[in-house]
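J.: This is query_34.csv, which holds CSV, C-alpha atoms:
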```
chain,number,residue,atom,x,y,z
A,1,MET,CA,-15.2,-183.9,-86.0
A,2,SER,CA,-17.8,-186.2,-84.5
A,3,ASP,CA,-16.9,-189.6,-83.0
A,4,THR,CA,-19.9,-191.2,-84.8
A,5,PRO,CA,-18.7,-193.5,-87.6
A,6,PRO,CA,-20.1,-193.2,-91.1
A,7,ASN,CA,-23.5,-194.7,-91.8
A,8,ALA,CA,-24.1,-195.2,-88.0
A,9,ALA,CA,-27.1,-193.5,-86.3
A,10,PRO,CA,-26.1,-191.1,-83.5
A,11,PRO,CA,-26.9,-192.4,-80.0
A,12,SER,CA,-30.2,-191.1,-78.6
A,13,LEU,CA,-29.2,-191.3,-75.0
A,14,ALA,CA,-26.1,-190.8,-72.9
A,15,LEU,CA,-26.3,-194.2,-71.2
A,16,SER,CA,-27.8,-197.7,-71.5
A,17,ILE,CA,-27.7,-200.0,-68.6
A,18,VAL,CA,-27.9,-203.7,-69.5
A,19,ILE,CA,-28.9,-206.1,-66.8
A,20,PRO,CA,-29.2,-209.9,-67.3
A,21,VAL,CA,-31.9,-211.2,-65.0
A,22,TYR,CA,-31.8,-214.8,-63.6
A,23,ASN,CA,-33.5,-215.7,-60.3
A,24,GLY,CA,-33.6,-211.9,-59.6
A,25,ALA,CA,-37.2,-211.6,-58.4
A,26,SER,CA,-36.1,-210.5,-54.9
A,27,SER,CA,-33.7,-207.8,-56.0
A,28,ILE,CA,-34.5,-206.5,-59.5
A,29,ALA,CA,-37.3,-204.1,-58.4
A,30,GLU,CA,-35.0,-202.4,-55.9
A,31,LEU,CA,-32.2,-202.1,-58.4
A,32,VAL,CA,-34.3,-200.7,-61.2
A,33,GLY,CA,-35.9,-198.2,-58.8
A,34,ALA,CA,-32.5,-196.9,-57.7
A,35,LEU,CA,-31.3,-196.7,-61.3
A,36,GLU,CA,-34.4,-194.8,-62.4
A,37,HIS,CA,-33.6,-192.0,-60.0
A,38,LEU,CA,-30.1,-191.4,-61.2
A,39,GLN,CA,-29.5,-188.0,-62.7
A,40,ILE,CA,-27.7,-188.7,-66.0
A,41,ALA,CA,-27.1,-185.7,-68.3
A,42,GLY,CA,-28.4,-186.7,-71.7
A,43,GLY,CA,-30.7,-189.3,-70.3
A,44,HIS,CA,-30.4,-193.0,-69.7
A,45,GLU,CA,-32.4,-196.3,-70.3
A,46,ILE,CA,-32.4,-199.7,-68.7
A,47,VAL,CA,-32.4,-202.9,-70.8
A,48,LEU,CA,-33.5,-206.0,-68.8
A,49,VAL,CA,-32.9,-209.5,-70.2
A,50,ASN,CA,-34.8,-212.3,-68.7
A,51,ASP,CA,-32.6,-215.3,-69.2
A,52,GLY,CA,-35.2,-218.0,-68.8
A,53,SER,CA,-35.4,-217.3,-65.1
A,54,PRO,CA,-37.4,-220.0,-63.3
A,55,ASP,CA,-38.8,-217.7,-60.6
A,56,ASP,CA,-41.3,-214.8,-61.2
A,57,SER,CA,-38.6,-212.4,-62.5
A,58,LEU,CA,-40.4,-212.0,-65.8
A,59,ALA,CA,-43.7,-210.9,-64.1
A,60,ILE,CA,-41.9,-208.4,-61.9
A,61,CYS,CA,-39.9,-207.0,-64.9
A,62,ARG,CA,-43.2,-206.6,-66.8
A,63,ALA,CA,-44.6,-204.6,-63.9
A,64,LEU,CA,-41.5,-202.5,-63.8
A,65,VAL,CA,-41.9,-201.6,-67.5
A,66,GLU,CA,-45.5,-200.6,-67.0
A,67,GLN,CA,-44.5,-198.3,-64.1
A,68,ALA,CA,-41.3,-197.0,-65.6
A,69,ARG,CA,-40.1,-193.4,-65.0
A,70,ILE,CA,-37.4,-193.7,-67.8
A,71,PRO,CA,-37.2,-195.8,-71.0
A,72,ILE,CA,-37.0,-199.6,-70.1
A,73,THR,CA,-36.7,-202.4,-72.6
A,74,LEU,CA,-37.5,-205.9,-71.5
A,75,ILE,CA,-36.2,-208.8,-73.5
A,76,ASP,CA,-37.5,-212.3,-72.8
A,77,LEU,CA,-35.3,-215.1,-74.0
A,78,SER,CA,-36.9,-218.4,-74.9
A,79,ARG,CA,-34.8,-220.4,-72.4
A,80,ASN,CA,-31.7,-220.0,-70.2
A,81,TYR,CA,-28.6,-219.3,-72.3
A,82,GLY,CA,-26.1,-218.0,-69.8
A,83,GLU,CA,-25.0,-214.6,-68.6
A,84,HIS,CA,-22.8,-213.6,-71.5
A,85,ASN,CA,-25.4,-214.7,-74.1
A,86,ALA,CA,-28.0,-212.7,-72.3
A,87,VAL,CA,-25.7,-209.7,-72.1
A,88,MET,CA,-25.1,-209.9,-75.9
A,89,ALA,CA,-28.9,-209.9,-76.5
A,90,GLY,CA,-29.2,-206.8,-74.3
A,91,LEU,CA,-26.3,-205.0,-76.0
A,92,ARG,CA,-28.1,-205.4,-79.3
A,93,HIS,CA,-31.1,-203.5,-78.0
A,94,SER,CA,-29.1,-200.7,-76.4
A,95,SER,CA,-28.9,-197.2,-77.8
A,96,GLY,CA,-26.7,-195.2,-75.5
A,97,ALA,CA,-23.4,-193.4,-76.3
A,98,HIS,CA,-22.1,-195.6,-73.4
A,99,VAL,CA,-23.3,-198.9,-72.2
A,100,ILE,CA,-22.8,-200.2,-68.6
A,101,THR,CA,-23.4,-203.9,-67.9
A,102,MET,CA,-24.1,-205.0,-64.3
A,103,ASP,CA,-25.6,-208.0,-62.4
A,104,ASP,CA,-29.0,-208.0,-60.8
A,105,ASP,CA,-27.9,-209.0,-57.3
A,106,LEU,CA,-27.3,-205.4,-55.8
A,107,GLN,CA,-23.6,-206.2,-55.1
A,108,ASN,CA,-22.7,-203.2,-57.2
A,109,PRO,CA,-24.2,-200.1,-55.6
A,110,PRO,CA,-26.4,-198.2,-58.2
A,111,GLU,CA,-24.8,-194.9,-57.3
A,112,GLU,CA,-21.5,-196.3,-58.7
A,113,VAL,CA,-23.1,-196.2,-62.1
A,114,GLU,CA,-22.8,-192.4,-62.2
A,115,ARG,CA,-19.1,-192.5,-61.2
A,116,LEU,CA,-18.3,-195.1,-63.8
A,117,LEU,CA,-20.0,-193.2,-66.6
A,118,SER,CA,-18.4,-189.9,-65.5
A,119,TYR,CA,-15.0,-191.5,-65.5
A,120,ALA,CA,-15.6,-193.1,-68.9
A,121,GLN,CA,-16.6,-189.7,-70.4
A,122,GLN,CA,-13.7,-187.8,-68.8
A,123,SER,CA,-11.0,-190.3,-69.7
A,124,GLY,CA,-12.2,-190.8,-73.3
A,125,ARG,CA,-11.3,-194.5,-73.0
A,126,GLU,CA,-13.4,-197.0,-75.0
A,127,VAL,CA,-13.8,-199.5,-72.1
A,128,ILE,CA,-13.7,-199.0,-68.3
A,129,TYR,CA,-13.5,-202.1,-66.1
A,130,THR,CA,-14.2,-201.9,-62.4
A,131,TYR,CA,-12.2,-203.6,-59.6
A,132,TYR,CA,-12.7,-204.1,-55.9
A,133,ASP,CA,-10.6,-203.8,-52.7
A,134,GLU,CA,-12.4,-206.9,-51.5
A,135,LYS,CA,-14.9,-209.1,-53.4
A,136,GLN,CA,-17.8,-210.2,-51.3
A,137,HIS,CA,-18.1,-213.7,-52.8
A,138,ALA,CA,-17.4,-217.1,-51.4
A,139,PHE,CA,-13.8,-218.3,-51.2
A,140,TRP,CA,-14.1,-220.8,-54.1
A,141,ARG,CA,-15.8,-218.2,-56.3
A,142,ASN,CA,-13.0,-215.7,-55.7
A,143,LEU,CA,-10.4,-218.4,-56.3
A,144,GLY,CA,-12.1,-219.3,-59.6
A,145,SER,CA,-12.2,-215.7,-60.7
A,146,ARG,CA,-8.5,-215.2,-60.0
A,147,PHE,CA,-7.6,-218.3,-62.0
A,148,THR,CA,-9.8,-217.2,-64.9
A,149,ASN,CA,-8.2,-213.7,-64.9
A,150,TRP,CA,-4.8,-215.3,-64.8
A,151,VAL,CA,-5.6,-217.5,-67.8
A,152,ALA,CA,-7.2,-214.5,-69.6
A,153,GLY,CA,-3.9,-212.6,-69.3
A,154,PHE,CA,-2.1,-215.6,-70.9
A,155,VAL,CA,-4.6,-216.4,-73.6
A,156,LEU,CA,-6.4,-213.1,-74.5
A,157,ASP,CA,-3.5,-210.7,-74.1
A,158,LYS,CA,-5.2,-209.0,-71.2
A,159,PRO,CA,-3.3,-206.0,-69.9
A,160,LYS,CA,-1.5,-206.9,-66.7
A,161,GLY,CA,-3.4,-206.0,-63.5
A,162,PHE,CA,-6.8,-205.7,-65.0
A,163,TYR,CA,-9.7,-207.6,-63.4
A,164,LEU,CA,-12.4,-208.6,-66.0
A,165,SER,CA,-15.5,-207.6,-64.1
A,166,SER,CA,-19.1,-207.9,-65.3
A,167,PHE,CA,-19.6,-204.3,-64.0
A,168,ARG,CA,-18.1,-202.5,-67.0
A,169,CYS,CA,-18.7,-199.5,-69.2
A,170,MET,CA,-18.2,-199.6,-73.0
A,171,SER,CA,-18.5,-197.0,-75.7
A,172,ALA,CA,-21.2,-197.4,-78.5
A,173,PHE,CA,-18.3,-198.2,-80.9
A,174,VAL,CA,-17.2,-201.2,-78.9
A,175,VAL,CA,-20.7,-202.4,-78.4
A,176,ARG,CA,-21.4,-202.2,-82.1
A,177,GLU,CA,-18.3,-204.2,-83.0
A,178,ILE,CA,-18.7,-207.0,-80.4
A,179,THR,CA,-22.3,-207.5,-81.3
A,180,ARG,CA,-21.2,-208.5,-84.8
A,181,TYR,CA,-20.3,-211.8,-83.3
A,182,ASP,CA,-23.2,-214.2,-83.6
A,183,GLY,CA,-21.5,-217.5,-82.6
A,184,PRO,CA,-23.1,-219.7,-79.9
A,185,PHE,CA,-20.3,-219.3,-77.4
A,186,PRO,CA,-19.8,-215.6,-76.6
A,187,TYR,CA,-17.4,-214.4,-74.0
A,188,VAL,CA,-17.9,-210.6,-73.7
A,189,ASP,CA,-14.5,-209.8,-72.3
A,190,GLY,CA,-12.7,-211.8,-75.0
A,191,LEU,CA,-14.7,-209.9,-77.7
A,192,VAL,CA,-13.8,-206.6,-76.1
A,193,LEU,CA,-10.1,-207.4,-76.1
A,194,GLN,CA,-10.3,-208.3,-79.7
A,195,VAL,CA,-11.8,-204.9,-80.6
A,196,THR,CA,-9.7,-202.6,-78.4
A,197,GLN,CA,-6.8,-202.2,-75.9
A,198,ASP,CA,-8.0,-198.7,-75.1
A,199,ILE,CA,-9.2,-199.6,-71.7
A,200,ASP,CA,-8.8,-198.4,-68.1
A,201,ARG,CA,-10.1,-199.4,-64.7
A,202,LEU,CA,-11.9,-197.8,-61.7
A,203,LEU,CA,-12.0,-198.8,-58.1
A,204,VAL,CA,-15.6,-199.3,-56.9
A,205,ARG,CA,-17.4,-200.7,-53.9
A,206,HIS,CA,-18.6,-204.3,-53.8
A,207,LEU,CA,-21.3,-205.2,-51.3
A,208,PRO,CA,-22.3,-208.6,-49.8
A,209,ARG,CA,-25.1,-210.3,-51.5
A,210,ALA,CA,-28.3,-209.1,-49.9
A,211,VAL,CA,-30.6,-212.0,-50.8
A,212,GLY,CA,-30.3,-215.4,-52.3
A,213,ARG,CA,-27.1,-217.0,-53.5
A,214,SER,CA,-24.9,-216.8,-56.5
A,215,ASN,CA,-26.2,-218.2,-59.7
A,216,TYR,CA,-22.7,-219.3,-60.7
A,217,THR,CA,-22.2,-223.0,-59.9
A,218,MET,CA,-18.9,-224.8,-60.5
A,219,ARG,CA,-20.3,-226.2,-63.7
A,220,ARG,CA,-21.3,-222.7,-65.0
A,221,LEU,CA,-17.8,-221.3,-64.1
A,222,LEU,CA,-16.2,-224.2,-65.9
A,223,ARG,CA,-18.3,-223.6,-69.0
A,224,LEU,CA,-17.5,-219.9,-68.9
A,225,TRP,CA,-13.8,-220.8,-68.5
A,226,LEU,CA,-13.9,-223.1,-71.5
A,227,SER,CA,-15.5,-220.4,-73.7
A,228,MET,CA,-12.7,-218.0,-72.8
A,229,PHE,CA,-10.0,-220.7,-73.1
A,230,VAL,CA,-11.1,-222.3,-76.4
A,231,ASN,CA,-13.2,-219.8,-78.3
A,232,PHE,CA,-10.8,-216.8,-78.6
A,233,SER,CA,-7.4,-218.4,-78.9
A,234,VAL,CA,-5.5,-221.3,-80.5
A,235,MET,CA,-3.1,-221.2,-77.5
A,236,PRO,CA,-4.4,-224.5,-76.1
A,237,LEU,CA,-3.5,-226.3,-79.4
A,238,ARG,CA,-0.1,-224.7,-79.3
A,239,LEU,CA,0.4,-225.8,-75.7
A,240,SER,CA,-0.6,-229.3,-76.8
A,241,THR,CA,2.0,-229.3,-79.5
A,242,LEU,CA,4.7,-228.0,-77.2
A,243,THR,CA,3.8,-230.7,-74.6
A,244,GLY,CA,4.0,-233.3,-77.3
A,245,PHE,CA,7.5,-232.1,-78.4
A,246,ALA,CA,8.7,-232.0,-74.7
A,247,LEU,CA,7.4,-235.5,-74.0
A,248,SER,CA,8.9,-236.8,-77.2
A,249,LEU,CA,12.3,-235.4,-76.1
A,250,ILE,CA,12.0,-236.9,-72.7
A,251,GLY,CA,11.0,-240.2,-74.2
A,252,THR,CA,14.0,-240.1,-76.5
A,253,VAL,CA,16.4,-239.4,-73.6
A,254,GLY,CA,14.7,-242.2,-71.6
A,255,SER,CA,15.1,-244.7,-74.6
A,256,VAL,CA,18.8,-243.8,-74.9
A,257,VAL,CA,19.3,-244.4,-71.1
A,258,ALA,CA,17.4,-247.7,-71.3
A,259,ILE,CA,19.6,-248.9,-74.3
A,260,ILE,CA,22.8,-248.0,-72.5
A,261,GLU,CA,21.7,-249.8,-69.3
A,262,ALA,CA,20.8,-252.9,-71.4
A,263,LEU,CA,24.1,-253.0,-73.1
A,264,PHE,CA,26.5,-252.2,-70.3
A,265,PHE,CA,24.7,-252.9,-67.0
A,266,ALA,CA,22.2,-255.3,-65.6
A,267,PRO,CA,18.7,-254.4,-66.9
A,268,PRO,CA,16.5,-253.2,-64.0
A,269,ALA,CA,13.1,-254.8,-63.4
A,270,GLY,CA,11.5,-251.3,-64.0
A,271,TRP,CA,7.8,-252.4,-64.1
A,272,ALA,CA,6.7,-249.6,-61.7
A,273,SER,CA,8.5,-246.9,-63.7
A,274,LEU,CA,7.3,-248.3,-66.9
A,275,MET,CA,3.7,-248.3,-65.8
A,276,ALA,CA,4.1,-244.7,-64.4
A,277,ALA,CA,5.4,-243.6,-67.8
A,278,VAL,CA,2.6,-245.3,-69.7
A,279,LEU,CA,-0.1,-243.8,-67.5
A,280,LEU,CA,1.5,-240.3,-67.8
A,281,LEU,CA,1.8,-240.4,-71.6
A,282,SER,CA,-1.7,-241.9,-71.9
A,283,GLY,CA,-3.2,-239.1,-69.7
A,284,VAL,CA,-1.4,-236.4,-71.7
A,285,GLN,CA,-2.6,-237.9,-75.0
A,286,LEU,CA,-6.2,-238.0,-73.7
A,287,VAL,CA,-6.0,-234.3,-72.5
A,288,ILE,CA,-4.7,-233.3,-75.9
A,289,LEU,CA,-7.4,-235.3,-77.7
A,290,GLY,CA,-10.0,-233.7,-75.4
A,291,ILE,CA,-8.8,-230.2,-76.3
A,292,VAL,CA,-8.9,-231.0,-80.0
A,293,GLY,CA,-12.3,-232.5,-79.5
A,294,GLU,CA,-13.6,-229.4,-77.8
A,295,TYR,CA,-12.5,-227.2,-80.7
A,296,LEU,CA,-14.1,-229.6,-83.2
A,297,GLY,CA,-17.3,-229.9,-81.2
A,298,ARG,CA,-17.7,-226.1,-81.0
A,299,LEU,CA,-16.9,-225.7,-84.7
A,300,TYR,CA,-19.6,-228.3,-85.4
A,301,LEU,CA,-22.2,-226.5,-83.3
A,302,THR,CA,-21.3,-223.2,-84.9
A,303,ALA,CA,-21.5,-224.6,-88.4
A,304,ASN,CA,-24.9,-226.0,-87.6
A,305,LYS,CA,-25.9,-222.5,-86.5
A,306,LYS,CA,-26.7,-223.2,-82.9
A,307,PRO,CA,-28.3,-219.9,-81.7
A,308,GLN,CA,-26.5,-217.6,-79.4
A,309,SER,CA,-29.9,-216.8,-78.0
A,310,ILE,CA,-33.5,-216.7,-79.2
A,311,VAL,CA,-35.6,-213.6,-78.2
A,312,LYS,CA,-39.1,-214.6,-77.4
A,313,THR,CA,-40.6,-211.1,-76.9
A,314,VAL,CA,-39.4,-207.5,-76.5
A,315,ILE,CA,-41.4,-205.0,-74.5
A,316,ARG,CA,-40.5,-201.3,-74.5
A,317,THR,CA,-41.9,-198.3,-72.6
A,318,ALA,CA,-43.5,-195.6,-74.6
A,319,PRO,CA,-41.4,-192.3,-74.6
A,320,THR,CA,-42.7,-190.0,-71.9
A,321,THR,CA,-43.1,-186.3,-72.3
A,322,ALA,CA,-40.0,-185.7,-70.2
A,323,GLU,CA,-37.9,-187.9,-72.3
A,324,ALA,CA,-39.2,-186.3,-75.5
A,325,ALA,CA,-38.4,-182.9,-74.2
A,326,ARG,CA,-34.8,-183.8,-73.2
A,327,PRO,CA,-32.2,-182.0,-75.3
A,328,PRO,CA,-30.3,-184.1,-77.8
A,329,LEU,CA,-27.0,-185.7,-76.6
A,330,ARG,CA,-23.9,-183.9,-77.7
A,331,LEU,CA,-21.2,-186.1,-79.1
A,332,ARG,CA,-17.6,-185.7,-77.8
A,333,GLU,CA,-15.5,-183.7,-80.2
A,334,ARG,CA,-11.9,-184.7,-81.1
A,335,ALA,CA,-9.2,-182.1,-81.1
```
Let me see the structure of the file written as structure tokens.
T.:
Amino acid sequence: MSDTPPNAAPPSLALSIVIPVYNGASSIAELVGALEHLQIAGGHEIVLVNDGSPDDSLAICRALVEQARIPITLIDLSRNYGEHNAVMAGLRHSSGAHVITMDDDLQNPPEEVERLLSYAQQSGREVIYTYYDEKQHAFWRNLGSRFTNWVAGFVLDKPKGFYLSSFRCMSAFVVREITRYDGPFPYVDGLVLQVTQDIDRLLVRHLPRAVGRSNYTMRRLLRLWLSMFVNFSVMPLRLSTLTGFALSLIGTVGSVVAIIEALFFAPPAGWASLMAAVLLLSGVQLVILGIVGEYLGRLYLTANKKPQSIVKTVIRTAPTTAEAARPPLRLRERA
């Protein structure tokens, strides 16, 4: 029996590689050139998503489409929407039985794509995440990634020990399901974990950044963290409730102690402790109000149909004779 679900067109290629491009003018041509020369049984395509890049990435990507050796799709977004929004746009234009997402900075060696796809095909898992012996990022970026993964394990029910890498391989089934989400605040890994727990991981190499610097600033990392923390769980609200109960209990105990001291002992001056308690409780109240406000604000923007992204143009290469002559992809059979 075929793995293809009812009413779904069978995949035309074995692999789609989705690459969001932002300030990638100095690296995208080298990356695409290496990916074009990969020998993928069943064929592969590249989907480039220009995420409102301020440099000349768009012009370079257009030239790559014109000179393409394999099918390339170029999606030009109307402005910068962020990595996960761009990835979602690319996933919607992919047609492979498996889809690999990767960055445009050459820190993931192109030859690892073949290993990742082979492992996904052999294991039969729906999603394969990659992990590294050592990440070649700045200290603060690695620290932020570790914190985000720790919170993801707590909020998203992420399997223990899994690193949520942007270099991942997903089955067409998972891609189809996560692209049903059209809200303005996507978090790809959160959507994946909502669809399936049939995941595995593969150790790959991670190279130092060859040119430029990371596009992730502290502000972008914070925005990504909020999307994961708020959009895919009500855990923050539950934590707020538990915090409220705990502080109420502490306040009750403190009130009883204060009454006993007033009745049987000399009342202490206590201004310093009183002010400390007021500031603590006020701070906690403001944090809880901020969390509730974040939920309401995102709900308001979603209800007003803030776009996940707006596609300005889509350019595709015409099928070549070699691609047209390639034998059709055989779907994996279940026992």
J.: Counting all atoms listed in the file, what is within 7 Å of Val204 in chain A, bar same-chain residues fewer than 6 positions away, as a PyMOL selection string?
T.: chain A and resi 112+130-132
J.: Mind pulling up the distance from CA of Phe185 in chain A to CA of Gly290 in chain A?
T.: 17.8 Å
J.: Between A:Ser12, A:Leu74, A:Ser26, A:Pro54, which is the closest to Thr317 in chain A once you count all atoms listed in the file?
T.: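 Nearest candidate to Thr317 in chain A out of A:Ser12, A:Leu74, A:Ser26, A:Pro54: A:Leu74.
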J.: If you measure from CA of Ser94 in chain A to CA of Ser16 in chain A, what distance in Å do you get, rounded to one decimal?
T.: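 Spanning CA of Ser94 in chain A to CA of Ser16 in chain A is a straight-line distance of 5.9 Å.
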J.: Quick one, how far is CA of Ala86 in chain A from CA of Ser123 in chain A?
T.: 28.2 Å
J.: I'd like the neighbourhood of Tyr22 in chain A as a list in words, where a residue qualifies if any of its atoms comes within 10 Å (using all atoms listed in the file), though same-chain residues fewer than 2 positions away should be ignored.
T.: Ile19, Pro20, Gly24, Ala25, Ile28, Val49, Asn50, Asp51, Gly52, Ser53, Pro54, Asp55, Asp56, Ser57, Leu58, Asn80, Gly82, Glu83, Ala86, Asp103, Asp104, Asp105 and Asn215 of chain A
J.: Suppose we keep C-alpha atoms; can you now write the selection as a PDB file, keeping the file's coordinate frame?
T.:
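See selection-v4.pdb below for the written result:
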```pdb
ATOM      1  CA  ILE A  19     -28.900-206.100 -66.800  1.00  0.00           C
ATOM      2  CA  PRO A  20     -29.200-209.900 -67.300  1.00  0.00           C
ATOM      3  CA  GLY A  24     -33.600-211.900 -59.600  1.00  0.00           C
ATOM      4  CA  ALA A  25     -37.200-211.600 -58.400  1.00  0.00           C
ATOM      5  CA  ILE A  28     -34.500-206.500 -59.500  1.00  0.00           C
ATOM      6  CA  VAL A  49     -32.900-209.500 -70.200  1.00  0.00           C
ATOM      7  CA  ASN A  50     -34.800-212.300 -68.700  1.00  0.00           C
ATOM      8  CA  ASP A  51     -32.600-215.300 -69.200  1.00  0.00           C
ATOM      9  CA  GLY A  52     -35.200-218.000 -68.800  1.00  0.00           C
ATOM     10  CA  SER A  53     -35.400-217.300 -65.100  1.00  0.00           C
ATOM     11  CA  PRO A  54     -37.400-220.000 -63.300  1.00  0.00           C
ATOM     12  CA  ASP A  55     -38.800-217.700 -60.600  1.00  0.00           C
ATOM     13  CA  ASP A  56     -41.300-214.800 -61.200  1.00  0.00           C
ATOM     14  CA  SER A  57     -38.600-212.400 -62.500  1.00  0.00           C
ATOM     15  CA  LEU A  58     -40.400-212.000 -65.800  1.00  0.00           C
ATOM     16  CA  ASN A  80     -31.700-220.000 -70.200  1.00  0.00           C
ATOM     17  CA  GLY A  82     -26.100-218.000 -69.800  1.00  0.00           C
ATOM     18  CA  GLU A  83     -25.000-214.600 -68.600  1.00  0.00           C
ATOM     19  CA  ALA A  86     -28.000-212.700 -72.300  1.00  0.00           C
ATOM     20  CA  ASP A 103     -25.600-208.000 -62.400  1.00  0.00           C
ATOM     21  CA  ASP A 104     -29.000-208.000 -60.800  1.00  0.00           C
ATOM     22  CA  ASP A 105     -27.900-209.000 -57.300  1.00  0.00           C
ATOM     23  CA  ASN A 215     -26.200-218.200 -59.700  1.00  0.00           C
TER      24      ASN A 215
END
```
J.: Kindly indicate which residue among A:Thr101, A:Ser166, A:Gln308, A:Gln122 lies nearest to Arg180 in chain A, using all atoms listed in the file for the distances.
T.: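 Distance minimum relative to Arg180 in chain A lands on A:Gln308.
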J.: Pick the closest to Gln67 in chain A from A:Arg316, A:Leu296, A:Leu281, A:Tyr129: which is it, counting only C-alpha atoms?
T.: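 Checking each candidate against Gln67 in chain A, we get A:Arg316 as the closest.
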J.: Considering only C-alpha atoms, can you say which of A:Glu66, A:Asp76, A:Glu114, A:Asp198 comes closest to Ala41 in chain A?
T.: A:Glu114
